[in-house]
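Reviewing the structure listed below.
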Amino acid sequence: MTSGLWERVLDGVWVTIQLLVLSALLATAVSFVVGIARTHRLWIVRFLAGFYAEVFRGTSALVMIFWVFFVLPPAFGWQLVPLWAGTLALGLTYGAYGSEIVRGALAAVDPAQREGGIALSFTPWQRMKLILLPQAVPEMVPPFSNLLIELLKGTALVSVMGMGDLAFSANLVRLALQESAEIYTYILLIYFVIAFLLTRSMRGLEKKLKAGVGKAPKKKAAAVRVPEGSGVS
């Protein structure tokens with residue numbers, strides 16, 4: 001492969017990473033907002049959050065990209081650039097999946113912890129911030145790691161907009177060289193390397209968050225003094 005074609009592929013990698021980071025940030029924000037809202041004491045808040053999650057989990061990410069990029073602009077008279085259209089579609093879609101992770105982790109916290117916060121006269125936000133989230137967040141990391149890998153693979157969908165991501169760039173190179181096996185093998189390896197680095201990073205984050213959780217502080221054994229003449233040697 002010539003240097004010019006390799007530059008095309010590397011440009012695609014950079015676009016994919018940008019899209020991954022931006023859509024992951026949006027998906028994370030949506031996950032926590034909607035997930036926490038699904039545990040709210042008001043039924044209307046729970047209903048709206050649940051309705052959003054069901055709609056976006058029940059629709060195709062590819063169709064959502066088409067909707068955001070091709071349908072909404074004529075309706076509202078504005079046009080999103082492909083990067084922001086892809087970020088919005090993927091972030092909202094995968095954020096709906098992430099909200100279920102957040103809701104499930106919060107529901108898994110021991111009810112006694114909630115009752116303890118109520119007994120201490122904590123407000124709902126204080127209970128969430130000081131009691132529930134510190135215990136729930138470490139349990140969210142493994143499923144969020146899987147979701148992040150799925151998001152990485154989902155970034156290839158933006159190629160339908162003509163966006164120069166890794167998949168789109170690989171297709172251009174394939175057309176130029178007429179070599180499908182070689183090009184797509186390289187692309188598979190690139191996706192694998194990115195996914196491997198993400199997995200290791202999330203595993204390190206999980207270990208850091210779980211460090212010391214549920215462990216009692218170590219106590220030094222007190223020295224026992226034996227009185228003289230007691231007969232104990």
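Chain labels run A, B, ... following the order of the structure tokens; each chain numbers its residues from 1, and ligands are numbered from 1 in the order shown.
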
Sorted by chain and rising residue number, which residues of region 125-206 of chain A lie within 10 Å of region 6-21 of chain A, and what are their closest atom pairs and distances in Å to one decimal, counting only C-alpha atoms, as a Markdown table?
| residue | atom | partner | partner_atom | distance |
| --- | --- | --- | --- | --- |
| A:Leu148 | CA | A:Leu20 | CA | 8.5 |
| A:Ile149 | CA | A:Leu20 | CA | 9.7 |
| A:Leu151 | CA | A:Leu20 | CA | 7.1 |
| A:Leu152 | CA | A:Leu20 | CA | 6.1 |
| A:Lys153 | CA | A:Leu20 | CA | 9.4 |
| A:Gly154 | CA | A:Leu20 | CA | 9.1 |
| A:Thr155 | CA | A:Thr16 | CA | 6.6 |
| A:Ala156 | CA | A:Thr16 | CA | 7.9 |
| A:Val158 | CA | A:Leu19 | CA | 9.3 |
| A:Met163 | CA | A:Val15 | CA | 8.5 |
| A:Gly164 | CA | A:Gly12 | CA | 5.7 |
| A:Asp165 | CA | A:Gly12 | CA | 4.2 |
| A:Leu166 | CA | A:Gly12 | CA | 4.0 |
| A:Ala167 | CA | A:Gly12 | CA | 7.4 |
| A:Phe168 | CA | A:Gly12 | CA | 7.4 |
| A:Ser169 | CA | A:Gly12 | CA | 5.6 |
| A:Ala170 | CA | A:Val9 | CA | 6.3 |
| A:Asn171 | CA | A:Val9 | CA | 9.7 |
| A:Leu172 | CA | A:Arg8 | CA | 8.7 |
| A:Val173 | CA | A:Arg8 | CA | 7.8 |
| A:Ile183 | CA | A:Val9 | CA | 9.7 |
| A:Tyr186 | CA | A:Val9 | CA | 9.6 |
| A:Ile187 | CA | A:Val9 | CA | 8.7 |
| A:Ile190 | CA | A:Val13 | CA | 8.2 |
| A:Tyr191 | CA | A:Val13 | CA | 9.0 |
| A:Ile194 | CA | A:Ile17 | CA | 8.9 |

(message) Need to verify the contact set: region 133-147 of chain A, 10 Å, only C-alpha atoms, exclusion of same-chain residues closer than 3 positions in sequence. Can you return it as a PyMOL selection string?
(response) chain A and resi 24+27-28+31+36+94-95+97-98+101-110+113+127-130+150-153+195+198-203+205-211+213-214

(request) Taking the DSSP assignment computed from this structure's backbone, write out as an NGL selection string all residues of region 31-137 of chain A that belong to helix (DSSP H, G or I). (result) :A and (31-37 or 43-57 or 61-76 or 82-107 or 111-119 or 124-137)

(message) Excluding Phe66 (chain A) and its own-chain neighbours fewer than 2 positions away, which residues fall within 12 Å of it when counting only C-alpha atoms? Please give them as a PyMOL selection string.
(response) chain A and resi 59-64+68-73+80+82+85-86+88-90+157-162

(request) Select, from A:Val45, A:Leu5, A:Ala75, A:Ala112, the residue with the minimum atom-to-atom distance to Arg174 (chain A), counting only C-alpha atoms. (result)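 Checking each candidate against Arg174 (chain A), we get A:Leu5 as the closest.
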
(request) May I have the residues within 9 Å of Leu48 (chain A) as a ChimeraX atom specification, using only C-alpha atoms and disregarding those fewer than 4 positions away in the same chain? (result) /A:34,37-38,43-44,52-53

(request) Find, counting only C-alpha atoms, the residue in A:Ala119, A:Leu92, A:Leu197, A:Ile131 that gets nearest to Val55 (chain A). (result)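 Among the listed residues, A:Leu92 lies closest to Val55 (chain A).
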
(request) Determine the nearest neighbour of Arg46 (chain A) from the options A:Leu120, A:Val193, A:Ser99, A:Gln79, counting only C-alpha atoms. (result)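 Among the listed residues, the smallest separation from Arg46 (chain A) belongs to A:Ser99.
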